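Participant: coords.cif is the file, holding mmCIF, C-alpha atoms and all ligand atoms:
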```cif
data_upload
#
loop_
_atom_site.label_atom_id
_atom_site.label_comp_id
_atom_site.auth_asym_id
_atom_site.auth_seq_id
_atom_site.Cartn_x
_atom_site.Cartn_y
_atom_site.Cartn_z
CA MET A 1 -15.53 -17.94 3.95
CA LEU A 2 -18.54 -20.25 4.02
CA ASN A 3 -19.46 -21.17 7.54
CA ARG A 4 -21.14 -24.52 7.73
CA LEU A 5 -20.06 -25.83 11.10
CA ARG A 6 -21.31 -23.94 14.08
CA VAL A 7 -19.76 -25.21 17.29
CA LEU A 8 -21.70 -24.26 20.39
CA VAL A 9 -19.63 -24.63 23.53
CA SER A 10 -21.21 -22.36 26.10
CA GLY A 11 -22.56 -23.37 29.52
CA LEU A 12 -22.86 -27.15 29.12
CA SER A 13 -23.56 -29.22 32.24
CA HIS A 14 -22.23 -32.65 33.22
CA SER A 15 -24.44 -35.69 33.84
CA SER A 16 -25.06 -39.05 32.23
CA THR A 17 -27.82 -37.80 29.95
CA ARG A 18 -26.34 -34.39 29.20
CA CYS A 19 -23.18 -33.66 27.29
CA CYS A 20 -20.29 -31.73 28.78
CA SER A 21 -18.61 -28.76 27.18
CA GLY A 22 -16.42 -29.01 24.15
CA TYR A 23 -17.03 -30.13 20.60
CA VAL A 24 -15.53 -33.63 21.04
CA SER A 25 -17.67 -34.34 24.14
CA ARG A 26 -20.78 -33.14 22.40
CA MET A 27 -20.22 -35.32 19.34
CA ARG A 28 -19.45 -38.38 21.50
CA PHE A 29 -22.54 -37.72 23.59
CA LEU A 30 -24.74 -37.58 20.47
CA ASN A 31 -23.07 -40.66 19.03
CA ARG A 32 -23.80 -42.59 22.26
CA LEU A 33 -27.47 -41.60 22.04
CA LYS A 34 -27.58 -42.92 18.47
CA GLU A 35 -26.11 -46.26 19.53
CA ASP A 36 -27.69 -46.78 22.96
CA ASP A 37 -31.52 -46.86 22.99
CA ASP A 38 -31.74 -46.75 26.81
CA ALA A 39 -29.46 -43.71 27.09
CA CYS A 40 -31.45 -42.05 24.33
CA ALA A 41 -34.78 -42.71 26.08
CA GLU A 42 -33.37 -41.26 29.30
CA ALA A 43 -32.06 -38.18 27.50
CA LEU A 44 -35.41 -37.68 25.76
CA SER A 45 -37.21 -37.42 29.10
CA ASP A 46 -35.16 -34.27 29.92
CA SER A 47 -34.92 -32.73 26.46
CA HIS A 48 -36.47 -30.05 24.34
CA LEU A 49 -38.52 -31.05 21.30
CA MET A 50 -38.78 -28.89 18.17
CA LEU A 51 -42.41 -29.09 17.05
CA PHE A 52 -43.75 -29.73 13.54
CA HIS A 53 -47.16 -30.49 12.09
CA SER A 54 -47.31 -32.42 8.80
CA LEU A 55 -43.65 -31.44 8.26
CA GLN A 56 -44.28 -27.72 8.85
CA PRO A 57 -42.21 -26.18 11.68
CA LEU A 58 -43.96 -24.26 14.47
CA LEU A 59 -42.66 -20.67 14.37
CA LYS A 60 -43.27 -17.80 16.75
CA GLN A 61 -42.59 -14.13 16.24
CA ASN A 62 -40.33 -12.53 18.85
CA GLN A 63 -40.65 -9.03 20.28
CA ASP A 64 -38.01 -7.72 17.88
CA ARG A 65 -40.22 -9.11 15.02
CA SER A 66 -37.72 -11.89 14.18
CA PHE A 67 -38.98 -15.49 14.01
CA SER A 68 -37.76 -18.60 15.80
CA SER A 69 -38.81 -22.25 15.88
CA VAL A 70 -40.70 -23.46 18.96
CA SER A 71 -39.03 -26.14 21.11
CA LEU A 72 -40.81 -27.29 24.27
CA HIS A 73 -39.42 -29.32 27.15
CA HIS A 74 -40.54 -32.96 27.19
CA LYS A 75 -42.81 -32.36 30.20
CA ASP A 76 -44.48 -29.41 28.43
CA VAL A 77 -45.10 -31.54 25.36
CA GLU A 78 -46.72 -34.14 27.64
CA SER A 79 -48.94 -31.43 29.19
CA LEU A 80 -49.84 -30.13 25.72
CA LEU A 81 -50.81 -33.59 24.48
CA GLN A 82 -52.77 -34.31 27.68
CA SER A 83 -54.71 -31.06 27.32
CA LEU A 84 -55.62 -32.09 23.76
CA GLY A 85 -56.61 -35.61 24.85
CA ALA A 86 -53.87 -37.10 22.64
CA ASP A 87 -51.93 -40.33 23.11
CA LEU A 88 -48.64 -39.53 24.94
CA SER A 89 -46.89 -42.43 23.22
CA ILE A 90 -46.43 -40.30 20.08
CA ILE A 91 -43.50 -38.67 21.89
CA ARG A 92 -41.62 -41.92 21.19
CA GLU A 93 -41.64 -40.83 17.51
CA SER A 94 -39.24 -37.99 18.38
CA VAL A 95 -36.02 -37.89 16.37
CA LEU A 96 -32.65 -36.78 17.75
CA ILE A 97 -31.34 -33.69 15.91
CA GLY A 98 -28.49 -32.38 18.07
CA CYS A 99 -27.42 -30.72 21.27
CA SER A 100 -28.84 -27.46 22.57
CA ASP A 101 -26.49 -24.69 23.73
CA THR A 102 -27.42 -25.56 27.31
CA GLY A 103 -26.06 -29.07 26.87
CA GLY A 104 -29.20 -31.21 26.59
CA ALA A 105 -30.12 -33.39 23.66
CA LEU A 106 -32.50 -31.79 21.18
CA PHE A 107 -35.23 -33.77 19.42
CA CYS A 108 -37.96 -33.00 16.89
CA LEU A 109 -41.52 -34.31 16.79
CA ASP A 110 -44.31 -34.16 14.20
CA LEU A 111 -47.68 -33.56 15.88
CA ALA A 112 -49.71 -34.54 12.79
CA ALA A 113 -51.92 -36.70 15.06
CA VAL A 114 -53.36 -33.65 16.87
CA GLU A 115 -55.20 -30.57 15.67
CA ALA A 116 -52.73 -27.96 14.38
CA ALA A 117 -54.86 -24.96 15.36
CA ALA A 118 -55.03 -26.06 19.00
CA VAL A 119 -51.21 -26.37 19.22
CA GLU A 120 -50.80 -22.98 17.55
CA GLU A 121 -53.23 -21.33 19.95
CA GLN A 122 -51.61 -22.79 23.07
CA ASN A 123 -48.14 -21.63 21.94
CA GLY A 124 -49.00 -18.29 20.33
CA ALA A 125 -47.27 -19.60 17.20
CA LYS A 126 -48.01 -20.84 13.65
CA PHE A 127 -47.06 -23.91 11.64
CA VAL A 128 -45.38 -22.47 8.53
CA ASP A 129 -44.47 -24.10 5.23
CA LEU A 130 -40.74 -24.95 5.21
CA ARG A 131 -39.90 -22.82 2.13
CA LYS A 132 -41.56 -19.81 3.74
CA SER A 133 -39.84 -20.59 7.07
CA PHE A 134 -36.50 -20.36 5.27
CA PHE A 135 -37.14 -16.70 4.54
CA LEU A 136 -38.26 -15.98 8.12
CA LEU A 137 -35.63 -17.77 10.20
CA SER A 138 -32.13 -16.50 10.98
CA ASP A 139 -29.02 -17.97 9.32
CA SER A 140 -28.20 -19.98 12.42
CA ALA A 141 -31.74 -21.33 13.03
CA ALA A 142 -32.69 -22.40 9.50
CA PRO A 143 -30.22 -25.32 9.04
CA LEU A 144 -31.39 -27.12 12.20
CA VAL A 145 -35.06 -26.77 11.23
CA ALA A 146 -34.16 -28.09 7.76
CA LYS A 147 -32.32 -31.07 9.24
CA ALA A 148 -35.22 -31.87 11.56
CA GLN A 149 -37.79 -31.69 8.76
CA ALA A 150 -35.61 -33.84 6.49
CA LEU A 151 -35.28 -36.55 9.16
CA LEU A 152 -39.02 -36.51 9.96
CA ARG A 153 -39.80 -36.75 6.23
CA TRP A 154 -37.37 -39.64 5.79
CA HIS A 155 -39.02 -41.62 8.60
CA GLN A 156 -42.48 -40.96 7.20
CA THR A 157 -41.47 -42.22 3.74
CA HIS A 158 -39.37 -45.24 4.77
CA ARG A 159 -41.80 -47.31 6.81
CA PHE A 160 -41.26 -50.33 4.54
CA CYS A 161 -38.15 -52.13 3.33
CA SER A 162 -37.45 -51.50 -0.38
CA LEU A 163 -35.92 -55.00 -0.59
CA SER A 164 -38.55 -57.21 1.07
CA GLY A 165 -41.59 -54.93 1.48
CA LYS A 166 -41.67 -55.77 5.21
CA PRO A 167 -42.23 -52.99 7.79
CA THR A 168 -39.16 -51.23 9.16
CA GLU A 169 -38.61 -50.22 12.80
CA ARG A 170 -36.64 -47.23 13.99
CA ASN A 171 -34.08 -47.08 16.75
CA ARG A 172 -34.81 -44.67 19.63
CA SER A 173 -32.78 -41.77 18.29
CA GLY A 174 -34.18 -42.19 14.77
CA SER A 175 -30.71 -42.37 13.24
CA HIS A 176 -31.68 -45.49 11.26
CA ARG A 177 -34.44 -48.05 10.62
CA VAL A 178 -34.16 -51.85 10.56
CA THR A 179 -36.30 -54.25 8.54
CA ALA A 180 -38.48 -56.20 10.99
CA GLY A 181 -37.07 -59.65 11.74
CA SER A 182 -33.85 -59.06 9.78
CA LYS A 183 -30.55 -57.24 10.05
CA VAL A 184 -31.10 -54.97 7.04
CA ILE A 185 -30.38 -51.41 8.19
CA HIS A 186 -31.61 -48.29 6.36
CA TYR A 187 -29.93 -44.91 6.92
CA PRO A 188 -31.31 -41.48 5.96
CA GLN A 189 -30.01 -40.48 2.54
CA MET A 190 -29.29 -37.26 0.69
CA SER A 191 -29.00 -36.76 -3.06
CA PRO A 192 -25.73 -35.07 -4.09
CA VAL A 193 -26.33 -31.87 -6.08
CA VAL A 194 -23.68 -29.53 -7.48
CA ILE A 195 -24.31 -25.81 -7.43
CA ALA A 196 -21.83 -23.94 -9.59
CA LEU A 197 -21.24 -20.21 -9.84
CA VAL A 198 -19.98 -19.96 -13.41
CA HIS A 199 -17.68 -16.98 -14.02
CA ASP A 200 -15.62 -15.59 -16.90
CA GLY A 201 -13.15 -13.54 -14.88
CA SER A 202 -15.30 -10.41 -14.50
CA ARG A 203 -18.93 -11.60 -14.59
CA CYS A 204 -20.87 -14.51 -13.21
CA LEU A 205 -23.78 -16.46 -14.62
CA LEU A 206 -27.13 -16.71 -12.84
CA ALA A 207 -30.32 -18.37 -13.98
CA ARG A 208 -33.93 -18.86 -13.01
CA GLN A 209 -36.36 -21.73 -13.49
CA ALA A 210 -39.97 -20.98 -14.48
CA SER A 211 -41.05 -22.34 -11.07
CA PHE A 212 -38.99 -19.73 -9.14
CA PRO A 213 -40.81 -16.73 -7.62
CA PRO A 214 -40.64 -13.65 -9.90
CA GLY A 215 -37.24 -11.97 -9.98
CA LEU A 216 -35.31 -14.77 -8.20
CA TYR A 217 -32.00 -15.77 -9.83
CA SER A 218 -29.48 -18.32 -8.53
CA ALA A 219 -26.38 -20.25 -9.57
CA LEU A 220 -26.76 -23.28 -11.86
CA ALA A 221 -27.54 -26.49 -9.99
CA GLY A 222 -28.00 -30.11 -10.91
CA PHE A 223 -28.20 -33.60 -9.42
CA CYS A 224 -25.11 -35.82 -9.73
CA ASP A 225 -25.65 -38.79 -12.01
CA MET A 226 -24.58 -42.21 -10.75
CA GLY A 227 -20.82 -42.66 -11.20
CA GLU A 228 -20.02 -38.98 -11.77
CA SER A 229 -17.39 -36.93 -9.93
CA VAL A 230 -18.29 -33.42 -8.75
CA GLU A 231 -16.17 -31.95 -11.56
CA GLU A 232 -17.95 -34.09 -14.17
CA THR A 233 -21.38 -33.06 -12.90
CA VAL A 234 -20.44 -29.37 -12.99
CA ARG A 235 -19.10 -29.66 -16.56
CA ARG A 236 -22.18 -31.61 -17.73
CA GLU A 237 -24.79 -29.40 -16.04
CA VAL A 238 -23.20 -26.17 -17.31
CA ALA A 239 -22.97 -27.63 -20.83
CA GLU A 240 -26.57 -28.92 -20.73
CA GLU A 241 -28.21 -25.86 -19.20
CA ALA A 242 -26.16 -22.93 -20.53
CA GLY A 243 -24.25 -24.39 -23.52
CA LEU A 244 -20.86 -23.40 -22.06
CA GLU A 245 -17.65 -25.41 -21.65
CA VAL A 246 -16.13 -25.26 -18.16
CA LEU A 247 -12.32 -24.97 -18.01
CA SER A 248 -11.78 -25.50 -14.28
CA VAL A 249 -13.78 -26.25 -11.13
CA THR A 250 -12.92 -25.03 -7.62
CA TYR A 251 -14.64 -26.40 -4.53
CA SER A 252 -16.01 -23.80 -2.13
CA GLY A 253 -18.21 -25.49 0.48
CA SER A 254 -21.26 -27.68 1.07
CA GLN A 255 -24.68 -27.56 2.66
CA HIS A 256 -27.62 -29.79 3.41
CA TRP A 257 -30.70 -28.51 1.58
CA PRO A 258 -34.12 -29.98 2.41
CA PHE A 259 -35.63 -29.49 -1.11
CA PRO A 260 -36.97 -31.32 -3.05
CA SER A 261 -36.57 -34.04 -0.41
CA SER A 262 -33.00 -33.93 0.91
CA SER A 263 -30.08 -32.70 -1.16
CA PHE A 264 -26.40 -32.45 -0.33
CA MET A 265 -25.38 -29.23 -2.08
CA ILE A 266 -21.73 -29.12 -3.20
CA GLY A 267 -20.83 -25.51 -3.93
CA CYS A 268 -18.21 -24.75 -6.61
CA PHE A 269 -16.86 -22.00 -8.80
CA ALA A 270 -16.68 -22.94 -12.49
CA ALA A 271 -14.41 -20.90 -14.76
CA VAL A 272 -15.18 -20.46 -18.46
CA SER A 273 -13.06 -18.69 -21.06
CA PRO A 274 -13.92 -14.98 -21.46
CA ALA A 275 -13.63 -15.63 -25.21
CA HIS A 276 -16.49 -18.19 -25.14
CA THR A 277 -19.36 -16.76 -23.10
CA GLU A 278 -22.22 -16.83 -25.59
CA LEU A 279 -25.15 -18.59 -23.94
CA SER A 280 -27.28 -21.31 -25.48
CA VAL A 281 -29.91 -21.77 -22.78
CA ASP A 282 -31.90 -25.00 -22.46
CA HIS A 283 -35.36 -23.49 -22.05
CA SER A 284 -36.86 -26.82 -21.00
CA GLU A 285 -34.81 -26.41 -17.77
CA LEU A 286 -34.29 -22.67 -17.41
CA GLU A 287 -36.59 -19.75 -18.08
CA ASP A 288 -33.65 -17.36 -18.30
CA ALA A 289 -29.88 -17.19 -17.76
CA ARG A 290 -27.79 -14.00 -17.78
CA TRP A 291 -24.33 -12.67 -17.03
CA PHE A 292 -24.13 -10.34 -14.02
CA ASP A 293 -21.27 -7.93 -13.31
CA LEU A 294 -19.91 -7.14 -9.84
CA ARG A 295 -22.16 -4.11 -9.32
CA GLN A 296 -25.31 -6.09 -10.25
CA ILE A 297 -24.33 -8.91 -7.87
CA GLN A 298 -23.65 -6.48 -5.02
CA THR A 299 -27.01 -4.78 -5.62
CA GLY A 300 -28.85 -8.14 -5.67
CA LEU A 301 -27.13 -9.30 -2.47
CA ARG A 302 -28.54 -6.24 -0.68
CA VAL A 303 -32.17 -7.00 -1.65
CA PRO A 304 -33.96 -8.82 1.19
CA ALA A 305 -35.17 -12.29 0.17
CA PRO A 306 -37.99 -12.23 -0.82
CA PRO A 307 -38.23 -8.51 -1.67
CA ARG A 308 -41.06 -6.51 -0.14
CA ARG A 309 -44.22 -6.44 -2.24
CA GLY A 310 -45.68 -3.30 -3.79
CA GLY A 311 -44.37 -0.57 -5.99
CA GLY A 312 -45.92 -2.09 -9.11
CA GLY A 313 -42.65 -1.55 -11.05
CA PRO A 314 -40.63 -4.17 -12.90
CA ALA A 315 -39.76 -7.27 -10.85
CA VAL A 316 -36.63 -6.61 -8.82
CA THR A 317 -33.78 -9.13 -9.20
CA TRP A 318 -33.08 -10.94 -5.94
CA PHE A 319 -31.07 -13.95 -4.76
CA PRO A 320 -31.64 -16.93 -2.39
CA PRO A 321 -31.63 -16.14 1.37
CA ARG A 322 -28.31 -15.55 3.15
CA HIS A 323 -28.03 -19.08 4.56
CA ALA A 324 -28.48 -20.69 1.10
CA ILE A 325 -25.22 -21.78 -0.46
CA GLY A 326 -26.20 -20.06 -3.72
CA HIS A 327 -26.14 -16.74 -1.85
CA GLN A 328 -22.86 -17.57 -0.13
CA LEU A 329 -21.16 -18.38 -3.45
CA MET A 330 -22.21 -15.00 -4.85
CA GLN A 331 -21.03 -13.27 -1.69
CA GLU A 332 -17.67 -15.01 -1.86
CA TRP A 333 -17.27 -14.22 -5.58
CA ALA A 334 -18.11 -10.54 -4.97
CA GLU A 335 -15.54 -10.34 -2.16
CA GLN A 336 -12.87 -11.93 -4.37
CA GLN A 337 -13.64 -9.49 -7.20
CA GLN A 338 -13.49 -6.53 -4.85
CA THR A 339 -10.12 -7.65 -3.47
CA ARG A 340 -8.82 -8.01 -7.02
CA HIS A 341 -9.93 -4.47 -7.88
CA VAL A 342 -8.35 -3.03 -4.72
CA THR A 343 -4.95 -4.76 -5.08
N1 LIG B 1 -29.26 -24.01 -1.61
C1 LIG B 1 -29.22 -23.25 -2.71
O1 LIG B 1 -28.67 -22.15 -2.73
C2 LIG B 1 -29.87 -23.76 -3.99
C3 LIG B 1 -30.42 -25.02 -4.03
N2 LIG B 1 -30.92 -25.53 -5.21
C4 LIG B 1 -31.48 -26.89 -5.16
O2 LIG B 1 -30.79 -27.71 -6.09
C5 LIG B 1 -31.67 -28.73 -6.49
C6 LIG B 1 -31.31 -29.22 -7.88
O3 LIG B 1 -31.39 -28.17 -8.83
P1 LIG B 1 -32.13 -28.39 -10.22
O4 LIG B 1 -31.66 -27.32 -11.15
O5 LIG B 1 -33.59 -28.52 -10.00
O6 LIG B 1 -31.55 -29.82 -10.68
P2 LIG B 1 -31.40 -30.43 -12.16
O7 LIG B 1 -30.86 -29.41 -13.09
O8 LIG B 1 -30.67 -31.74 -12.03
O9 LIG B 1 -32.88 -30.66 -12.65
C7 LIG B 1 -33.86 -31.26 -11.84
C8 LIG B 1 -34.32 -32.55 -12.53
O10 LIG B 1 -33.34 -33.55 -12.40
C9 LIG B 1 -33.95 -34.84 -12.32
N3 LIG B 1 -33.34 -35.56 -11.19
C10 LIG B 1 -32.24 -36.33 -11.30
N4 LIG B 1 -31.91 -36.87 -10.12
C11 LIG B 1 -32.82 -36.44 -9.21
C12 LIG B 1 -33.00 -36.65 -7.81
N5 LIG B 1 -32.18 -37.43 -7.09
N6 LIG B 1 -34.04 -36.02 -7.19
C13 LIG B 1 -34.87 -35.22 -7.89
N7 LIG B 1 -34.74 -34.98 -9.23
C14 LIG B 1 -33.72 -35.60 -9.89
C15 LIG B 1 -35.44 -34.57 -12.24
O11 LIG B 1 -35.95 -34.68 -13.55
P3 LIG B 1 -37.07 -35.74 -13.94
O12 LIG B 1 -38.16 -35.59 -12.91
O13 LIG B 1 -37.45 -35.31 -15.32
O14 LIG B 1 -36.37 -37.04 -13.87
C16 LIG B 1 -35.54 -33.13 -11.83
O15 LIG B 1 -36.71 -32.48 -12.30
C17 LIG B 1 -33.08 -28.14 -6.40
O16 LIG B 1 -33.90 -29.06 -5.75
C18 LIG B 1 -32.94 -26.88 -5.59
O17 LIG B 1 -33.76 -26.88 -4.44
C19 LIG B 1 -30.88 -24.82 -6.37
C20 LIG B 1 -30.36 -23.55 -6.38
C21 LIG B 1 -29.88 -22.88 -5.19
MG MG B 2 -30.59 -27.34 -12.89
#
```
In structure tokens, what does this structure look like?
Facilitator:
Amino acid sequence: MLNRLRVLVSGLSHSSTRCCSGYVSRMRFLNRLKEDDDACAEALSDSHLMLFHSLQPLLKQNQDRSFSSVSLHHKDVESLLQSLGADLSIIRESVLIGCSDTGGALFCLDLAAVEAAAVEEQNGAKFVDLRKSFFLLSDSAAPLVAKAQALLRWHQTHRFCSLSGKPTERNRSGSHRVTAGSKVIHYPQMSPVVIALVHDGSRCLLARQASFPPGLYSALAGFCDMGESVEETVRREVAEEAGLEVLSVTYSGSQHWPFPSSSFMIGCFAAVSPAHTELSVDHSELEDARWFDLRQIQTGLRVPAPPRRGGGGPAVTWFPPRHAIGHQLMQEWAEQQQTRHVT
């Protein structure tokens, strides 16, 4: 099953600016910080801040060679900025992203105003492009980094009201912006995108765009047009891109995806008739599309994403990283096929 909600309940402490244990308490705590600027400011002063530079997360390599994002306590961020002679008021640009597993609020901050190399040196870490970060971070770490980057990006690109052109001002948590001198509120937005694993009963359809790295194949995806249902988007995208008619659509799960700016991925299975599987690929959208059987999918799921370089042989076929919904749909389909073969 797709796992998109991770509930952290361990070791949470009780105080006015920290949440107590339990999912309900944590959500209410975060909601209060979104609504109450004073409570949010107080929480920020005793919080950890995930660091970015020009929308690139700061990553450090651990002793076991895995990577994690760097979050510093508020007072350590102050010391860092002081040591670099930077204005401490930039901490006010921090955006609330959640609750840590020790019960404090967690924020993110873009340090674009200071020199990246100096921050990297002081933390023994590197600012890494978000796409590359996605291949380095664990399944549980990547979604929070993606959420943080998406919120920072939204604030950077929504400094003015699209209605009046006037500047907008953020609330303390960064959950919304308000047009100066008015009551017009702007909330962060995501674009709905369907991602459909098309199958004919025994094979599934994967495709690659010319812009993908060599060898990468994924399920068909497409942005929802205004007024469309999920089912309509799946049917249209599969018809447009692969020339196939979808008979039925089954919802599987969803995921926030930070590319190209902020997408809400709606994962589905799309069944086509085994009697009508001839492809007519739209090469203006896709470089290639192919049917894969169970064995090919299982082999591809075992290839690390991205595959190790070298060898000089033909490009190996590989799939999006484990935390990408495209990967999870393939995993789920392979498990269903296996169960069918066993029973
Ligand atoms: N998480 C995962 O596992 C996967 C995620 N994805 C994501 O799905 C997204 C959509 O897939 P893709 O096949 O590219 O989509 P589409 O097939 O819809 O093609 C993309 C084109 O749609 C147009 N478009 C329509 N609405 C929007 C919008 N709101 N924002 C941007 N472009 C829009 C643009 O064309 P024009 O500029 O000509 O108007 C764009 O080039 C990708 O950004 C990709 O990152 C894809 C596969 C796997
Ligand atoms: Mg597409």
Participant: Extract, using all atoms listed in the file, all DNA, RNA and protein residues at most 12 Å from A:Thr339, discarding same-chain residues fewer than 6 positions from it, and format them as a list in words.
Facilitator: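 That gives Leu294, Glu332 and Trp333 of chain A.
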Participant: Using atom O6 of ligand LIG 1 (chain B) and atom CA of A:Ser263 as the two end points, give the distance in Å to one decimal.
Facilitator: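 Taking atom O6 of ligand LIG 1 (chain B) as the start and atom CA of A:Ser263 as the end point, the length is 10.1 Å.
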Participant: Could you list the protein, DNA and RNA residues that have any atom within 9 Å of ligand LIG 1 (chain B), counting only C-alpha atoms and all ligand atoms, and write them as a PyMOL selection string?
Facilitator: chain A and resi 190-195+208-209+217-225+237+240-241+255-265+267+285-286+319-329
Participant: Identify which of the residues A:Ile90, A:Gln82, A:Ala113, A:Gly98 lies closest to A:Arg26, counting only C-alpha atoms when measuring atom-to-atom distances.
Facilitator: A:Gly98
Participant: Pick the closest to ligand MG 2 (chain B) from A:Thr317, A:Thr233, A:Gln337, A:Asn123: which is it, counting only C-alpha atoms and all ligand atoms?
Facilitator: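 Smallest distance to ligand MG 2 (chain B) is found for A:Thr233.
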Participant: Rank nothing, just name the residue among A:Ala239, A:Met330, A:Ala305, A:Leu279 nearest to ligand MG 2 (chain B), using only C-alpha atoms and all ligand atoms.
Facilitator: A:Ala239
Participant: If you count only C-alpha atoms, which residues fall within 6 Å of stretch 198-206 of chain A, apart from same-chain ones fewer than 3 positions away, as a list in words?
Facilitator: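 Here the qualifying residues turn out to be Tyr217, Ser218, Ala219, Phe269, Ala270, Ala271, Val272, Ser273, Pro274, Ala289, Arg290, Trp291, Phe292 and Asp293 of chain A.
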Participant: Have a look at atom CA of A:Glu121 and atom CA of A:Val145 and let me know their distance in Å, one decimal.
Facilitator: 20.9 Å
Participant: Using only C-alpha atoms, find the one residue out of A:His53, A:Arg308, A:His48, A:Arg235 that sits nearest to A:Lys75.
Facilitator: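 Looking at the shortest contact to A:Lys75, the residue is A:His48.
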Participant: My list of candidates is A:Gly253, A:Met27, A:Pro304, A:Gly174. Which is closest to A:Phe135 when distances are computed with only C-alpha atoms?
Facilitator: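 Under the stated criterion, the closest residue is A:Pro304.
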Participant: Within 9 Å of (-56.8, -28.4, 24.6) (file coordinates; all atoms listed in the file), which protein or nucleic acid residues are there? I'd like them as a JSON list (two decimals) with C-alpha atoms, in the frame of the given file.
Facilitator:
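Result file is part_26.json:
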```
[["chain", "number", "residue", "atom", "x", "y", "z"],
["A", 80, "LEU", "CA", -49.84, -30.13, 25.72],
["A", 81, "LEU", "CA", -50.81, -33.59, 24.48],
["A", 82, "GLN", "CA", -52.77, -34.31, 27.68],
["A", 83, "SER", "CA", -54.71, -31.06, 27.32],
["A", 84, "LEU", "CA", -55.62, -32.09, 23.76],
["A", 85, "GLY", "CA", -56.61, -35.61, 24.85],
["A", 118, "ALA", "CA", -55.03, -26.06, 19.00],
["A", 119, "VAL", "CA", -51.21, -26.37, 19.22],
["A", 122, "GLN", "CA", -51.61, -22.79, 23.07]]
```
Participant: For a quick check of understanding, using only C-alpha atoms and all ligand atoms, which of A:Ala315, A:Val246, A:Ala146, A:Val238 has the smallest distance to ligand MG 2 (chain B)?
Facilitator: A:Val238
Participant: List the neighbours of stretch 175-180 of chain A out to 10 Å using all atoms listed in the file; skip same-chain residues closer than 6 positions along the sequence, and give me the result as a list in words.
Facilitator: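 After dropping sequence-adjacent residues, the list is Asn31, Leu33, Lys34, Glu35, Val95, Leu96, Ile97, Leu151, Trp154, His155, His158, Arg159, Phe160, Cys161, Ser162, Leu163, Ser164, Gly165, Lys166, Pro167, Thr168, Glu169, His186, Tyr187 and Pro188 of chain A.
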